[in-house]
Amino acid sequence: MSAESLLIELGTEELPPRALKKLSEAFTGGIVDGLKKAGFEIGDVESFAAPRRLAVLISHVESSQPDREVERKGPNLKAAYDADGKPTKAVIGFARSCGVEVDALQQQETDKGVWLIFRATEKGKVLDELIEDIINQSLSRLPAPKRMRWGSSDIEFVRPAHWLVLMHGERVIDARVLGLQSSSKSFGHRFHAPGEINLKHASEYKNKLQSEAYVIASFEQRKQSIRQQVIDTAKGLTGEAVIDEDLLDEVTALNEWPVAVAGEFEAGYLQVPSEVLIKTMQDNQKYFPVREVGGELKNHFITISNIESKSPEKVKEGNERVVRPRLADAMFFWQQDQKQPLESFNAALENVVFQKKLGTIADKTRRVLQLSEFMATQLDADVDLVKRAVVLSKCDLMTDMVGEFASLQGVMGKRYAQAAGEAEEVALALDEQYMPRGASDVTASTATGQILSIADKLDTLVGIFAIGQKPTGEKDPYALRRASLGILRTIIERELDLDLRQLIAASAKLLADKVDVGKVEQEVLDYILERLRAYYIDRDIKPDVFDAVHALAPSRPLDFDKRIRAVSVFRELTVAESLAAANKRVGNILKKSSAVNGIIVDEALLSEEAEKKLYAILNTLSQAVEPMFDSGDYETALSHLSSLRDPVDAFFDSVMVMADDEAIKNNRIALLNSMNQLFLRAADLSRLHQV
């Protein structure tokens, strides 16, 4: 066997740019998995993805599978021969299926008797026989957005395929994929190097395409080249580029030979909010906007050309020409929307359905208004600011600007409110109601924004649960998981003392005239609290710590968070393991002794020294820690309770809990129950694992 580099390249029409990375990862993964499943040992893997190609280069791939030992178990020796010692039909059939005579079978002794077995060395298949099927299997499993046919063939792929390179070292492997015959001929840049590129060895693929064919085949290499070119070009304009990572990936997928070109537009367009200009440049033109270093937007942009033009000035002029109509549209929308007060757009919301059973967006806004007032009172926030923010909260949905750029909802509400002279906190809240927009986004910073964000999300959650459309599996059309995390993050990170159970009940009451809220309150609470599991695991909180707190289902997220942090600290103490085990033991005893609930410990019935000592310490600790629990200082309280380890251990070592005397038994169980209830003020420590 000889080990060589294996190159597979599929050349196509321009692939969907937003899908290119996933297609490349899946293609490479499929090839690697296929080779490994076939028994090949492989070396380093390099993946390539460009607009017109998917490729993978794997070093050190053997020319054939390794030989392997094959063993098949046949019939029992007793069943293999008849009374005359002649082979039975069973063993003859087994030998025939193995391709040998009965005499070639071997015997194997086991605990259950002697069995006939077949052993042989199976010679490995050559790579040439297997690779075509491996490639086809990988291509068939690609996460293709849509597949298409071309020409008169029934073959389907994401885009029409034009060439196939399949080489093992210097050798071309004969194969046929997507109707294409393999060869050593690739093709370069569509304009700079449209002819054939003849490869002499698989390993020269990357360098030859770049040096002779104007193609940077590596997606990451192209991406970093574009990033650096954009940064350097922006510096030349005495500014800094606004680089969105998703846009950078998309532009990388659109170019094989990226060349940065700077352009500019009339400074008068800068009176349009920068978010709008950035959005239209990014979404419509795939440009990178430029701003002052740490400051305002400049009237410049950077585009990436897929050619090294002899007349870059013409490329610049062409891009400037096409962006002007987009900016002019944005200017028109900005001016047109301000010809009427922002609040006047509310009238149109009466005719916009939020959800058929839950009414219009105007109906939703009225519910959010009442819920927000309730929250504002609890948090001692400015009720007037909150009410004004809610009234204006959905108005921008009916503006021309948001009609053109839906993702600017909230942002444009803020901008129009600022232009109209609304209070700054009200204006900011119109944008903050949608925060956090993602896992990495910040939560609302103003009290008004926090209240509006929570109320809006909670109304959606309760309403959607009430109509029976809660998320199932991967389906979450109303983004309720994100809404739940948004509520939790806002309450915890902004330290808001709010009770979710109370808020959910208030929200359900507001929906009662439209839908049957039934048992929805507990469902929604359970659903939201369960989202905390992922939230804390992402923050390196141990799952058993979460379970210990979640078992008590605290409905105040801020209180939940304090308990989590306290139990996390407690878990690291040397006494934690012993006390967790003791709490588990006590819990098991109490489960079998529910009749003692409510029984007070009778000090006169305490006879053993260990139980007297535990009782005395519990009384002293209880007086000290109860105020701590009441104030939410769980960490200090648990630290005090950690001193119980020795007296608890001594109790279990020397006291028989299940005494023959019923009164003494119940008294001891009541003593343990009093200790258990003290710990349960923070969490169910019995759920902590080995610490």
# chains A, B, ... in the order shown; residues from 1 in each chain; ligands from 1

$ residues_around --residues "Tyr615 in chain A" --least-positions-apart "3" --cutoff "12 Å" --atoms "only C-alpha atoms" --output "PDB file with N, CA and C atoms, in the first residue's frame"
ATOM      1  N   ILE A 600     -43.939  19.083  66.336  1.00  0.00           N
ATOM      2  CA  ILE A 600     -42.864  19.902  66.887  1.00  0.00           C
ATOM      3  C   ILE A 600     -41.984  19.017  67.773  1.00  0.00           C
ATOM      4  N   VAL A 601     -40.690  19.261  67.725  1.00  0.00           N
ATOM      5  CA  VAL A 601     -39.754  18.466  68.524  1.00  0.00           C
ATOM      6  C   VAL A 601     -40.011  18.710  70.011  1.00  0.00           C
ATOM      7  N   ASP A 602     -40.150  17.616  70.720  1.00  0.00           N
ATOM      8  CA  ASP A 602     -40.345  17.676  72.173  1.00  0.00           C
ATOM      9  C   ASP A 602     -38.988  17.431  72.828  1.00  0.00           C
ATOM     10  N   GLU A 603     -38.425  18.478  73.408  1.00  0.00           N
ATOM     11  CA  GLU A 603     -37.084  18.371  73.980  1.00  0.00           C
ATOM     12  C   GLU A 603     -37.016  17.308  75.076  1.00  0.00           C
ATOM     13  N   ALA A 604     -38.132  17.104  75.780  1.00  0.00           N
ATOM     14  CA  ALA A 604     -38.152  16.126  76.879  1.00  0.00           C
ATOM     15  C   ALA A 604     -37.946  14.705  76.381  1.00  0.00           C
ATOM     16  N   LEU A 605     -38.264  14.446  75.097  1.00  0.00           N
ATOM     17  CA  LEU A 605     -38.121  13.088  74.551  1.00  0.00           C
ATOM     18  C   LEU A 605     -36.716  12.821  74.000  1.00  0.00           C
ATOM     19  N   LEU A 606     -35.853  13.822  74.029  1.00  0.00           N
ATOM     20  CA  LEU A 606     -34.486  13.640  73.533  1.00  0.00           C
ATOM     21  C   LEU A 606     -33.650  12.989  74.625  1.00  0.00           C
ATOM     22  N   SER A 607     -33.119  11.806  74.342  1.00  0.00           N
ATOM     23  CA  SER A 607     -32.373  11.072  75.367  1.00  0.00           C
ATOM     24  C   SER A 607     -30.900  10.891  75.022  1.00  0.00           C
ATOM     25  N   GLU A 608     -30.605  10.743  73.767  1.00  0.00           N
ATOM     26  CA  GLU A 608     -29.222  10.515  73.346  1.00  0.00           C
ATOM     27  C   GLU A 608     -28.464  11.847  73.302  1.00  0.00           C
ATOM     28  N   GLU A 609     -27.187  11.792  73.659  1.00  0.00           N
ATOM     29  CA  GLU A 609     -26.373  13.016  73.690  1.00  0.00           C
ATOM     30  C   GLU A 609     -26.272  13.662  72.297  1.00  0.00           C
ATOM     31  N   ALA A 610     -26.142  12.826  71.261  1.00  0.00           N
ATOM     32  CA  ALA A 610     -25.985  13.337  69.899  1.00  0.00           C
ATOM     33  C   ALA A 610     -27.230  14.081  69.423  1.00  0.00           C
ATOM     34  N   GLU A 611     -28.427  13.565  69.774  1.00  0.00           N
ATOM     35  CA  GLU A 611     -29.644  14.245  69.332  1.00  0.00           C
ATOM     36  C   GLU A 611     -29.884  15.529  70.116  1.00  0.00           C
ATOM     37  N   LYS A 612     -29.466  15.534  71.393  1.00  0.00           N
ATOM     38  CA  LYS A 612     -29.587  16.754  72.195  1.00  0.00           C
ATOM     39  C   LYS A 612     -28.685  17.852  71.620  1.00  0.00           C
ATOM     40  N   LEU A 618     -29.233  23.305  66.120  1.00  0.00           N
ATOM     41  CA  LEU A 618     -30.267  23.711  65.163  1.00  0.00           C
ATOM     42  C   LEU A 618     -31.035  24.927  65.664  1.00  0.00           C
ATOM     43  N   ASN A 619     -31.333  24.966  66.948  1.00  0.00           N
ATOM     44  CA  ASN A 619     -32.049  26.111  67.510  1.00  0.00           C
ATOM     45  C   ASN A 619     -31.225  27.391  67.372  1.00  0.00           C
ATOM     46  N   THR A 620     -29.937  27.254  67.704  1.00  0.00           N
ATOM     47  CA  THR A 620     -29.053  28.424  67.624  1.00  0.00           C
ATOM     48  C   THR A 620     -28.896  28.895  66.178  1.00  0.00           C
ATOM     49  N   LEU A 621     -28.647  27.931  65.276  1.00  0.00           N
ATOM     50  CA  LEU A 621     -28.455  28.273  63.863  1.00  0.00           C
ATOM     51  C   LEU A 621     -29.722  28.850  63.248  1.00  0.00           C
ATOM     52  N   SER A 622     -30.851  28.282  63.620  1.00  0.00           N
ATOM     53  CA  SER A 622     -32.119  28.735  63.057  1.00  0.00           C
ATOM     54  C   SER A 622     -32.337  30.222  63.330  1.00  0.00           C
ATOM     55  N   LEU A 644     -23.030  22.207  60.534  1.00  0.00           N
ATOM     56  CA  LEU A 644     -23.859  21.077  60.979  1.00  0.00           C
ATOM     57  C   LEU A 644     -23.252  19.714  60.652  1.00  0.00           C
ATOM     58  N   PRO A 647     -22.160  17.489  63.911  1.00  0.00           N
ATOM     59  CA  PRO A 647     -23.279  17.007  64.738  1.00  0.00           C
ATOM     60  C   PRO A 647     -24.243  16.103  63.975  1.00  0.00           C
ATOM     61  N   VAL A 648     -24.417  16.323  62.656  1.00  0.00           N
ATOM     62  CA  VAL A 648     -25.296  15.454  61.862  1.00  0.00           C
ATOM     63  C   VAL A 648     -24.658  14.073  61.716  1.00  0.00           C
ATOM     64  N   PHE A 651     -24.992  12.270  64.918  1.00  0.00           N
ATOM     65  CA  PHE A 651     -26.372  11.821  65.121  1.00  0.00           C
ATOM     66  C   PHE A 651     -26.605  10.492  64.408  1.00  0.00           C
ATOM     67  N   ASN A 667     -40.375  11.835  67.198  1.00  0.00           N
ATOM     68  CA  ASN A 667     -39.660  13.017  67.683  1.00  0.00           C
ATOM     69  C   ASN A 667     -38.329  13.183  66.953  1.00  0.00           C
ATOM     70  N   ARG A 668     -37.643  12.064  66.732  1.00  0.00           N
ATOM     71  CA  ARG A 668     -36.358  12.113  66.009  1.00  0.00           C
ATOM     72  C   ARG A 668     -36.568  12.475  64.535  1.00  0.00           C
ATOM     73  N   ILE A 669     -37.640  11.933  63.976  1.00  0.00           N
ATOM     74  CA  ILE A 669     -37.952  12.291  62.587  1.00  0.00           C
ATOM     75  C   ILE A 669     -38.288  13.776  62.493  1.00  0.00           C
ATOM     76  N   ALA A 670     -39.011  14.300  63.477  1.00  0.00           N
ATOM     77  CA  ALA A 670     -39.343  15.730  63.504  1.00  0.00           C
ATOM     78  C   ALA A 670     -38.080  16.574  63.618  1.00  0.00           C
ATOM     79  N   LEU A 671     -37.099  16.077  64.373  1.00  0.00           N
ATOM     80  CA  LEU A 671     -35.819  16.777  64.496  1.00  0.00           C
ATOM     81  C   LEU A 671     -35.117  16.857  63.143  1.00  0.00           C
ATOM     82  N   LEU A 672     -35.091  15.722  62.456  1.00  0.00           N
ATOM     83  CA  LEU A 672     -34.478  15.706  61.121  1.00  0.00           C
ATOM     84  C   LEU A 672     -35.256  16.598  60.149  1.00  0.00           C
ATOM     85  N   ASN A 673     -36.568  16.581  60.307  1.00  0.00           N
ATOM     86  CA  ASN A 673     -37.401  17.410  59.433  1.00  0.00           C
ATOM     87  C   ASN A 673     -37.104  18.898  59.633  1.00  0.00           C
ATOM     88  N   SER A 674     -36.870  19.300  60.886  1.00  0.00           N
ATOM     89  CA  SER A 674     -36.562  20.710  61.157  1.00  0.00           C
ATOM     90  C   SER A 674     -35.243  21.112  60.501  1.00  0.00           C
ATOM     91  N   MET A 675     -34.279  20.176  60.504  1.00  0.00           N
ATOM     92  CA  MET A 675     -33.011  20.445  59.821  1.00  0.00           C
ATOM     93  C   MET A 675     -33.216  20.530  58.308  1.00  0.00           C
TER      94      MET A 675
END

$ select_by_dssp --residues "range 279-375 of chain A" --states "strand (DSSP E)" --output "PyMOL selection string"
chain A and resi 288-291+297-305+353-355+359-360

$ atom_distance --atom1 "CA of Lys125 in chain A" --atom2 "CA of Ser138 in chain A"
19.4 Å

$ select_by_dssp --residues "range 115-306 of chain A" --states "alpha helix (DSSP H)" --output "MDAnalysis selection string"
chainID A and resid 127:140 205:212 219:236 245:254 274:279 285

$ closest_residue --among "A:Ile491, A:Ile231, A:Val323, A:Ile155" --to "Leu379 in chain A" --atoms "only C-alpha atoms"
A:Ile491

$ residues_around --residues "range 166-169 of chain A" --least-positions-apart "2" --cutoff "7 Å" --atoms "only C-alpha atoms" --output "PyMOL selection string"
chain A and resi 4-9+164+171-173+182-184+201-202

$ write_last_selection --atoms "C-alpha atoms" --output "PDB file, in the first residue's frame"
ATOM      1  CA  GLU A   4      -0.662   9.792  -0.964  1.00  0.00           C
ATOM      2  CA  SER A   5      -2.675  12.996  -0.793  1.00  0.00           C
ATOM      3  CA  LEU A   6      -6.271  12.627  -1.936  1.00  0.00           C
ATOM      4  CA  LEU A   7      -7.876  15.558  -3.770  1.00  0.00           C
ATOM      5  CA  ILE A   8     -11.565  15.835  -4.592  1.00  0.00           C
ATOM      6  CA  GLU A   9     -12.874  18.962  -6.294  1.00  0.00           C
ATOM      7  CA  LEU A 164     -14.633  16.779 -11.289  1.00  0.00           C
ATOM      8  CA  ARG A 171      -2.742   9.484 -10.295  1.00  0.00           C
ATOM      9  CA  VAL A 172      -6.284  10.240 -11.502  1.00  0.00           C
ATOM     10  CA  ILE A 173      -8.837   7.860  -9.981  1.00  0.00           C
ATOM     11  CA  SER A 182     -12.990  12.512 -13.184  1.00  0.00           C
ATOM     12  CA  SER A 183      -9.791  14.137 -14.385  1.00  0.00           C
ATOM     13  CA  SER A 184      -6.820  16.214 -13.214  1.00  0.00           C
ATOM     14  CA  HIS A 201      -0.130  16.239  -8.129  1.00  0.00           C
ATOM     15  CA  ALA A 202      -2.994  16.509  -5.671  1.00  0.00           C
TER      16      ALA A 202
END

$ atom_distance --atom1 "CA of Leu254 in chain A" --atom2 "CA of Arg53 in chain A"
11.6 Å

$ residues_around --residues "Ile243 in chain A" --least-positions-apart "3" --cutoff "10 Å" --atoms "only C-alpha atoms" --output "PDB file with N, CA and C atoms, in the first residue's frame"
ATOM      1  N   ARG A 227     -11.037  40.773   5.114  1.00  0.00           N
ATOM      2  CA  ARG A 227     -11.070  41.543   6.362  1.00  0.00           C
ATOM      3  C   ARG A 227      -9.911  42.548   6.409  1.00  0.00           C
ATOM      4  N   VAL A 230     -10.245  45.385   3.864  1.00  0.00           N
ATOM      5  CA  VAL A 230     -11.272  46.339   4.288  1.00  0.00           C
ATOM      6  C   VAL A 230     -10.733  47.236   5.398  1.00  0.00           C
ATOM      7  N   ILE A 231     -10.041  46.640   6.368  1.00  0.00           N
ATOM      8  CA  ILE A 231      -9.467  47.413   7.478  1.00  0.00           C
ATOM      9  C   ILE A 231      -8.456  48.426   6.950  1.00  0.00           C
ATOM     10  N   GLU A 240     -12.770  53.809  10.198  1.00  0.00           N
ATOM     11  CA  GLU A 240     -12.746  52.384  10.495  1.00  0.00           C
ATOM     12  C   GLU A 240     -13.972  51.734   9.866  1.00  0.00           C
ATOM     13  N   ASP A 246     -21.557  38.152   9.535  1.00  0.00           N
ATOM     14  CA  ASP A 246     -22.393  37.428   8.565  1.00  0.00           C
ATOM     15  C   ASP A 246     -22.182  37.976   7.158  1.00  0.00           C
ATOM     16  N   LEU A 247     -22.088  39.294   7.054  1.00  0.00           N
ATOM     17  CA  LEU A 247     -21.837  39.902   5.744  1.00  0.00           C
ATOM     18  C   LEU A 247     -20.456  39.507   5.234  1.00  0.00           C
ATOM     19  N   LEU A 248     -19.481  39.473   6.132  1.00  0.00           N
ATOM     20  CA  LEU A 248     -18.130  39.082   5.729  1.00  0.00           C
ATOM     21  C   LEU A 248     -18.127  37.665   5.162  1.00  0.00           C
ATOM     22  N   GLN A 282     -25.311  47.299   3.630  1.00  0.00           N
ATOM     23  CA  GLN A 282     -24.983  45.900   3.911  1.00  0.00           C
ATOM     24  C   GLN A 282     -25.924  44.934   3.196  1.00  0.00           C
ATOM     25  N   TYR A 287     -21.934  46.119   0.873  1.00  0.00           N
ATOM     26  CA  TYR A 287     -20.823  47.030   1.123  1.00  0.00           C
ATOM     27  C   TYR A 287     -20.476  47.031   2.610  1.00  0.00           C
ATOM     28  N   PHE A 288     -19.238  47.422   2.897  1.00  0.00           N
ATOM     29  CA  PHE A 288     -18.817  47.650   4.272  1.00  0.00           C
ATOM     30  C   PHE A 288     -18.809  49.154   4.526  1.00  0.00           C
ATOM     31  N   PRO A 289     -19.714  49.654   5.368  1.00  0.00           N
ATOM     32  CA  PRO A 289     -19.739  51.092   5.658  1.00  0.00           C
ATOM     33  C   PRO A 289     -18.473  51.517   6.401  1.00  0.00           C
ATOM     34  N   VAL A 290     -18.199  52.810   6.377  1.00  0.00           N
ATOM     35  CA  VAL A 290     -17.029  53.373   7.047  1.00  0.00           C
ATOM     36  C   VAL A 290     -17.498  54.481   7.987  1.00  0.00           C
TER      37      VAL A 290
END

$ residues_around --residues "Lys387 in chain A" --least-positions-apart "2" --cutoff "10 Å" --atoms "only C-alpha atoms" --output "list in words"
Val368, Leu369, Gln370, Ser372, Glu373, Ala376, Asp382, Val383, Asp384, Leu385, Ala389, Val390, Val391, Leu392, Ser393, Val426, Thr448 and Leu452 of chain A

$ residues_around --residues "Met435 in chain A" --least-positions-apart "6" --cutoff "8 Å" --atoms "only C-alpha atoms" --output "PyMOL selection string"
chain A and resi 441-444+453+486

$ write_last_selection --atoms "C-alpha atoms" --output "short mmCIF file (atom, residue, chain, number, x, y, z; two decimals), in the first residue's frame"
data_model
loop_
_atom_site.label_atom_id
_atom_site.label_comp_id
_atom_site.auth_asym_id
_atom_site.auth_seq_id
_atom_site.Cartn_x
_atom_site.Cartn_y
_atom_site.Cartn_z
CA ASP A 441 -27.00 40.93 22.72
CA VAL A 442 -27.30 43.13 25.80
CA THR A 443 -30.51 43.56 27.80
CA ALA A 444 -32.45 46.81 28.02
CA SER A 453 -39.36 44.22 26.97
CA GLY A 486 -34.90 37.44 27.22
#

$ residues_around --residues "Met281 in chain A" --least-positions-apart "2" --cutoff "10 Å" --atoms "only C-alpha atoms" --output "number ranges by chain"
A: 275-279, 283-289, 301-303, 323, 326-327

$ write_last_selection --atoms "N, CA and C atoms" --output "short mmCIF file (atom, residue, chain, number, x, y, z; two decimals), in the first residue's frame"
data_model
loop_
_atom_site.label_atom_id
_atom_site.label_comp_id
_atom_site.auth_asym_id
_atom_site.auth_seq_id
_atom_site.Cartn_x
_atom_site.Cartn_y
_atom_site.Cartn_z
N GLU A 275 -28.19 53.84 11.18
CA GLU A 275 -28.63 52.44 11.11
C GLU A 275 -29.25 52.12 9.76
N VAL A 276 -29.98 53.10 9.18
CA VAL A 276 -30.63 52.89 7.89
C VAL A 276 -29.59 52.81 6.78
N LEU A 277 -28.65 53.76 6.80
CA LEU A 277 -27.61 53.78 5.77
C LEU A 277 -26.77 52.50 5.82
N ILE A 278 -26.43 52.10 7.04
CA ILE A 278 -25.64 50.86 7.20
C ILE A 278 -26.42 49.67 6.69
N LYS A 279 -27.71 49.62 7.02
CA LYS A 279 -28.54 48.49 6.61
C LYS A 279 -28.65 48.39 5.10
N ASP A 283 -27.23 45.16 3.34
CA ASP A 283 -28.21 44.20 2.81
C ASP A 283 -28.36 44.27 1.30
N ASN A 284 -28.46 45.48 0.78
CA ASN A 284 -28.75 45.62 -0.65
C ASN A 284 -27.51 45.60 -1.53
N GLN A 285 -26.40 46.14 -1.02
CA GLN A 285 -25.21 46.29 -1.88
C GLN A 285 -24.03 45.43 -1.45
N LYS A 286 -24.11 44.81 -0.26
CA LYS A 286 -23.00 44.01 0.26
C LYS A 286 -21.74 44.86 0.44
N TYR A 287 -21.93 46.12 0.87
CA TYR A 287 -20.82 47.03 1.12
C TYR A 287 -20.48 47.03 2.61
N PHE A 288 -19.24 47.42 2.90
CA PHE A 288 -18.82 47.65 4.27
C PHE A 288 -18.81 49.15 4.53
N PRO A 289 -19.71 49.65 5.37
CA PRO A 289 -19.74 51.09 5.66
C PRO A 289 -18.47 51.52 6.40
N PHE A 301 -17.79 54.02 1.63
CA PHE A 301 -18.06 52.59 1.77
C PHE A 301 -16.95 51.82 1.09
N ILE A 302 -16.87 50.54 1.39
CA ILE A 302 -15.88 49.67 0.76
C ILE A 302 -16.61 48.48 0.17
N THR A 303 -16.37 48.22 -1.09
CA THR A 303 -16.96 47.06 -1.74
C THR A 303 -15.84 46.10 -2.14
N VAL A 323 -25.51 52.68 -5.70
CA VAL A 323 -25.92 52.87 -4.31
C VAL A 323 -26.78 54.11 -4.14
N ARG A 326 -30.58 53.66 -3.81
CA ARG A 326 -30.92 53.03 -2.53
C ARG A 326 -30.92 54.07 -1.41
N LEU A 327 -29.91 54.93 -1.41
CA LEU A 327 -29.83 55.97 -0.39
C LEU A 327 -30.94 57.00 -0.57
#

$ atom_distance --atom1 "CA of Lys223 in chain A" --atom2 "CA of Ala161 in chain A"
24.4 Å

$ closest_residue --among "A:Glu572, A:Asp499, A:Ser274, A:Arg119" --to "Val411 in chain A" --atoms "only C-alpha atoms"
A:Ser274

$ closest_atom_pairs --of "range 250-303 of chain A" --to "range 20-31 of chain A" --cutoff "10 Å" --atoms "only C-alpha atoms" --output "CSV"
residue,atom,partner,partner_atom,distance
A:Glu250,CA,A:Leu20,CA,8.5
A:Thr252,CA,A:Leu20,CA,9.5
A:Ala253,CA,A:Leu20,CA,6.4
A:Leu254,CA,A:Leu20,CA,9.3

$ closest_residue --among "A:Gly85, A:Gly318, A:Pro436, A:Gly39" --to "Arg68 in chain A" --atoms "only C-alpha atoms"
A:Gly39

$ closest_atom_pairs --of "range 563-667 of chain A" --to "range 522-536 of chain A" --cutoff "12 Å" --atoms "only C-alpha atoms" --output "JSON lines"
{"residue": "A:Ile564", "atom": "CA", "partner": "A:Tyr536", "partner_atom": "CA", "distance": 8.7}
{"residue": "A:Arg565", "atom": "CA", "partner": "A:Tyr536", "partner_atom": "CA", "distance": 10.2}
{"residue": "A:Ser568", "atom": "CA", "partner": "A:Tyr536", "partner_atom": "CA", "distance": 11.1}

$ closest_residue --among "A:Ala217, A:Met331, A:Leu15, A:Ala267" --to "Ala144 in chain A" --atoms "only C-alpha atoms"
A:Leu15

$ closest_residue --among "A:Leu500, A:Leu57, A:Leu688, A:Glu109" --to "Glu204 in chain A" --atoms "only C-alpha atoms"
A:Leu57
